[in-house]
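File shown here: upload-v9.txt, holding compact mmCIF, C-alpha atoms.
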```txt
# COMPACT_ATOMS: atom_id res chain seq x y z
CA MET A 191 13.83 38.79 -11.22
CA ARG A 192 13.23 36.13 -8.57
CA GLY A 193 14.30 33.32 -10.94
CA ARG A 194 17.51 35.19 -11.69
CA ASP A 195 18.24 35.57 -7.97
CA LEU A 196 17.70 31.81 -7.47
CA LEU A 197 20.03 31.02 -10.36
CA ILE A 198 22.72 33.28 -8.92
CA ALA A 199 22.30 31.64 -5.50
CA CYS A 200 22.60 28.17 -7.02
CA ILE A 201 25.69 29.05 -9.01
CA SER A 202 27.32 30.55 -5.92
CA LEU A 203 26.85 27.24 -4.09
CA MET A 204 28.87 25.35 -6.69
CA THR A 205 32.49 24.57 -6.03
CA VAL A 206 35.11 24.30 -8.74
CA GLY A 207 35.01 20.47 -8.89
CA GLY A 208 31.70 19.91 -7.10
CA ALA A 209 28.20 19.23 -8.28
CA LEU A 210 25.11 21.32 -7.88
CA THR A 211 23.14 19.50 -5.21
CA ALA A 212 21.66 22.26 -3.09
CA CYS A 213 19.47 23.43 -5.96
CA SER A 214 18.53 20.03 -7.32
CA SER A 215 14.87 19.28 -7.90
CA GLU A 216 15.29 15.54 -7.37
CA PRO A 217 12.89 14.00 -4.86
CA PRO A 218 14.25 13.14 -1.42
CA PRO A 219 15.40 9.54 -0.91
CA PRO A 220 12.76 7.12 0.37
CA ALA A 221 12.42 6.65 4.11
CA PRO A 222 14.36 3.69 5.48
CA ARG A 223 12.42 0.44 5.66
CA PRO A 224 11.37 -0.84 9.07
CA SER A 225 13.33 -3.89 10.26
CA GLY A 226 10.16 -5.85 11.08
CA ILE A 227 6.39 -5.55 11.36
CA ALA A 228 6.68 -4.71 15.08
CA GLN A 229 8.02 -1.31 13.99
CA ILE A 230 4.92 -0.55 11.92
CA GLU A 231 1.81 1.10 13.33
CA ALA A 232 -0.86 0.05 10.85
CA CYS A 233 -2.87 3.30 11.03
CA ASP A 234 0.33 5.33 10.52
CA PHE A 235 1.46 3.29 7.49
CA PHE A 236 0.51 5.97 4.95
CA THR A 237 1.74 9.56 5.20
CA GLN A 238 -0.75 12.42 5.10
CA ASP A 239 0.37 13.17 1.53
CA GLU A 240 -0.36 9.55 0.55
CA LEU A 241 -3.74 9.62 2.29
CA ASP A 242 -4.59 12.77 0.33
CA GLU A 243 -3.33 11.28 -2.95
CA TYR A 244 -5.25 8.02 -2.42
CA GLN A 245 -8.31 9.97 -1.16
CA LEU A 246 -8.34 7.93 2.07
CA HIS A 247 -9.80 9.16 5.35
CA ASP A 248 -11.26 8.03 8.68
CA ALA A 249 -8.51 5.63 9.74
CA ALA A 250 -9.96 3.04 12.11
CA GLN A 251 -7.89 0.65 14.20
CA LEU A 252 -9.07 -2.92 13.82
CA ASN A 253 -9.44 -5.36 16.74
CA SER A 254 -5.69 -5.54 17.16
CA SER A 255 -2.97 -2.98 16.57
CA ALA A 256 -1.95 -5.09 13.57
CA GLY A 257 -4.70 -3.75 11.32
CA CYS A 258 -6.23 -0.51 10.10
CA MET A 259 -9.07 0.43 7.76
CA TRP A 260 -9.53 3.62 5.74
CA GLN A 261 -12.49 4.80 3.66
CA GLY A 262 -11.96 6.37 0.26
CA THR A 263 -13.12 6.88 -3.29
CA LYS A 264 -9.98 7.03 -5.49
CA PHE A 265 -9.90 3.39 -6.53
CA PHE A 266 -13.42 3.27 -7.90
CA GLU A 267 -14.97 6.57 -8.90
CA GLY A 268 -18.40 7.09 -7.43
CA ALA A 269 -18.17 4.28 -4.90
CA SER A 270 -17.05 4.38 -1.31
CA THR A 271 -14.38 1.77 -0.72
CA ALA A 272 -12.59 0.40 2.32
CA LEU A 273 -8.86 -0.26 2.29
CA VAL A 274 -7.62 -2.58 5.03
CA LEU A 275 -3.97 -3.22 5.92
CA THR A 276 -3.30 -6.18 8.22
CA LEU A 277 0.15 -7.15 9.47
CA TRP A 278 0.31 -10.86 10.28
CA ASP A 279 2.66 -12.64 12.72
CA SER A 280 2.62 -15.59 10.31
CA SER A 281 4.50 -16.23 7.10
CA ALA A 282 2.71 -15.84 3.80
CA ASP A 283 2.90 -19.62 3.29
CA LYS A 284 1.14 -20.24 6.63
CA MET A 285 -1.47 -17.57 5.92
CA LEU A 286 -2.17 -19.09 2.50
CA ALA A 287 -2.64 -22.55 4.05
CA VAL A 288 -4.96 -21.23 6.79
CA LEU A 289 -7.06 -19.11 4.45
CA ASP A 290 -7.36 -21.93 1.92
CA THR A 291 -8.23 -24.56 4.53
CA SER A 292 -10.49 -22.64 6.93
CA ALA A 293 -12.13 -20.10 4.64
CA GLY A 294 -11.85 -21.83 1.29
CA GLU A 295 -10.19 -18.77 -0.21
CA LYS A 296 -8.21 -19.11 -3.41
CA PHE A 297 -5.01 -17.18 -3.93
CA SER A 298 -2.90 -17.03 -7.06
CA GLU A 299 0.71 -15.90 -7.10
CA ARG A 300 1.26 -12.62 -8.93
CA PRO A 301 4.44 -11.32 -10.52
CA ALA A 302 6.91 -10.31 -7.80
CA VAL A 303 6.94 -6.65 -6.79
CA ASP A 304 10.56 -5.50 -6.45
CA GLY A 305 11.62 -9.06 -5.61
CA ARG A 306 8.82 -9.65 -3.08
CA ARG A 307 6.41 -12.54 -3.59
CA VAL A 308 2.77 -11.42 -3.75
CA TRP A 309 -0.49 -13.36 -4.01
CA ARG A 310 -3.94 -12.14 -5.03
CA ASP A 311 -7.16 -13.42 -3.51
CA THR A 312 -9.28 -14.61 -6.41
CA THR A 313 -12.19 -15.93 -4.36
CA PRO A 314 -15.56 -14.91 -5.80
CA GLY A 315 -18.11 -13.98 -3.18
CA MET A 316 -21.05 -11.88 -2.15
CA ASP A 317 -18.89 -8.99 -1.03
CA VAL A 318 -16.87 -7.56 -3.89
CA SER A 319 -13.24 -7.31 -2.83
CA CYS A 320 -9.66 -7.89 -3.86
CA ALA A 321 -6.75 -8.68 -1.58
CA LEU A 322 -2.99 -8.93 -1.92
CA LEU A 323 -0.80 -10.94 0.45
CA PHE A 324 2.82 -9.76 0.67
CA GLU A 325 5.63 -12.05 1.84
CA ILE A 326 7.90 -10.44 4.42
CA ASP A 327 9.91 -13.24 6.01
CA GLY A 328 9.49 -16.71 7.50
CA SER A 329 7.45 -15.34 10.38
CA SER A 330 5.41 -12.41 9.04
CA SER A 331 3.35 -11.15 6.12
CA ALA A 332 1.09 -8.24 5.21
CA GLU A 333 -2.36 -8.24 3.61
CA LEU A 334 -3.92 -5.33 1.76
CA LYS A 335 -7.63 -5.62 0.95
CA LEU A 336 -9.86 -3.25 -1.00
CA SER A 337 -13.64 -3.69 -0.94
CA GLU A 338 -16.86 -1.78 -1.33
CA PHE A 339 -17.58 0.08 1.91
CA LEU A 340 -20.76 -1.31 3.46
CA GLY A 341 -22.74 -1.13 0.21
CA VAL A 342 -23.35 2.61 0.68
CA SER A 343 -22.72 3.51 -2.96
CA ASP A 344 -25.16 3.65 -5.83
CA VAL A 345 -22.60 1.90 -8.04
CA GLU A 346 -20.90 -1.41 -7.38
CA PRO A 347 -17.28 -1.98 -8.29
CA THR A 348 -16.28 -5.34 -9.73
CA GLN A 349 -13.46 -7.45 -8.34
CA GLN A 350 -11.49 -6.48 -11.45
CA ASP A 351 -11.99 -2.76 -10.66
CA LEU A 352 -10.75 -3.20 -7.10
CA CYS A 353 -7.80 -5.39 -8.12
CA LYS A 354 -6.73 -2.68 -10.57
CA GLY A 355 -6.62 -0.22 -7.65
CA LEU A 356 -4.52 -2.61 -5.56
CA ASP A 357 -2.15 -3.22 -8.47
CA GLU A 358 -1.60 0.54 -8.56
CA LEU A 359 -0.85 0.60 -4.82
CA ALA A 360 1.28 -2.57 -4.63
CA PRO A 361 4.70 -1.04 -5.45
CA ARG A 362 4.12 1.85 -3.04
CA VAL A 363 3.10 -0.53 -0.25
CA GLU A 364 6.00 -2.89 -0.96
CA ALA A 365 8.50 -0.06 -0.61
CA LYS A 366 7.27 0.63 2.94
CA LEU A 367 7.42 -2.96 4.19
CA PRO A 368 10.47 -4.53 5.85
CA SER A 369 13.04 -5.87 3.38
CA VAL A 370 12.39 -9.38 2.10
CA ARG A 371 14.18 -12.00 4.18
CA GLY A 372 14.13 -15.74 3.70
```
Can the structure from this file be put into structure tokens for me?
Amino acid sequence: MRGRDLLIACISLMTVGGALTACSSEPPPPAPRPSGIAQIEACDFFTQDELDEYQLHDAAQLNSSAGCMWQGTKFFEGASTALVLTLWDSSADKMLAVLDTSAGEKFSERPAVDGRRVWRDTTPGMDVSCALLFEIDGSSSAELKLSEFLGVSDVEPTQQDLCKGLDELAPRVEAKLPSVRG
């Protein structure tokens, strides 16, 4: 009976030439993008629903307000991982040059995500991790890094495992960053 009542209510909301929008099951439109990284609080980047979906918890502000770290298990079953978001006041090109020169890190450009240039850190090392660097504009960029959390797990993810998790997250993260500007 309840379904019938809902149907009657939906039909009554229709106008002769109008469309049925009040009873639509379409998802709400995405939130507007911030105009710049100054509008983003790193530890508030993900909604509670996203934190639950990604199985992330214990948000911890990094040394500056430009970074946040969460613990979680979704991206490698059985292992505790750390996801770090850092918002940089430097362009992706400058960050790539600094990381390559000072830390010897190697990045390779990935296919664009919704028109945004993205690089993956392919540096092998003692700590197993994967990072993506997102271009924002000529003066800012964002880095997302997934790694094993302090070696507390009985199993160790590979870089390939962690990169797969970041590839899954990349489009969702891109949609929450400021629009690409040259």
- [ ] Choose the residue, out of A:Leu286, A:Ile326, A:Leu273, A:Ala221, that has the smallest atom-to-atom separation from Phe339 of chain A; count all atoms listed in the file.
- [x]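 Smallest separation from Phe339 of chain A among the options: A:Leu273.
Atom CA of Asp327 of chain A sits 6.3 Å away from atom CA of Ser281 of chain A.
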Task: From A:Glu325, A:Asp248, A:Asp234, A:Asp304, residue lying nearest Ala282 of chain A [all atoms listed in the file] - done: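 Checking each candidate against Ala282 of chain A, we get A:Glu325 as the closest.
For the pair atom CA of Gln238 of chain A and atom CA of Gln261 of chain A, the interatomic distance is 14.1 Å.
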Task: Nearest candidate to Phe265 of chain A (options A:Ser330, A:Gln349, A:Thr237, A:Gln229; using all atoms listed in the file) - done: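 Closest to Phe265 of chain A, using all atoms listed in the file: A:Gln349.
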Open item on the list: Which residues are close to Pro361 of chain A, i.e. within 9 Å by all atoms listed in the file, leaving aside same-chain residues fewer than 4 positions away? Reply as a ChimeraX atom specification.
Closed with: /A:303-304,357,365-366
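Here atom CA of Ser270 of chain A and atom CA of Glu299 of chain A stand 27.6 Å from one another.
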TODO: Find, counting only C-alpha atoms, the residue in A:Ala272, A:Asp317, A:Leu241, A:Phe235 that gets nearest to Arg223 of chain A.
DONE: A:Phe235
Task: Selected residue of minimal separation from Glu231 of chain A among A:Val288, A:Leu367, A:Glu338, A:Leu323, counting all atoms listed in the file - done: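 Selected residue with least distance to Glu231 of chain A: A:Leu367.
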In the coordinates of the file, take the point (12.7, -8.4, 0.0) and a cut-off of 6 Å; then, counting only C-alpha atoms, name each qualifying protein, DNA or RNA residue as an mmCIF file with C-alpha atoms, in the frame of the given file.
```cif
data_model
loop_
_atom_site.group_PDB
_atom_site.id
_atom_site.type_symbol
_atom_site.label_atom_id
_atom_site.label_comp_id
_atom_site.auth_asym_id
_atom_site.auth_seq_id
_atom_site.Cartn_x
_atom_site.Cartn_y
_atom_site.Cartn_z
ATOM 1 C CA GLY A 305 11.620 -9.060 -5.610
ATOM 2 C CA ARG A 306 8.820 -9.650 -3.080
ATOM 3 C CA SER A 369 13.040 -5.870 3.380
ATOM 4 C CA VAL A 370 12.390 -9.380 2.100
ATOM 5 C CA ARG A 371 14.180 -12.000 4.180
#
```
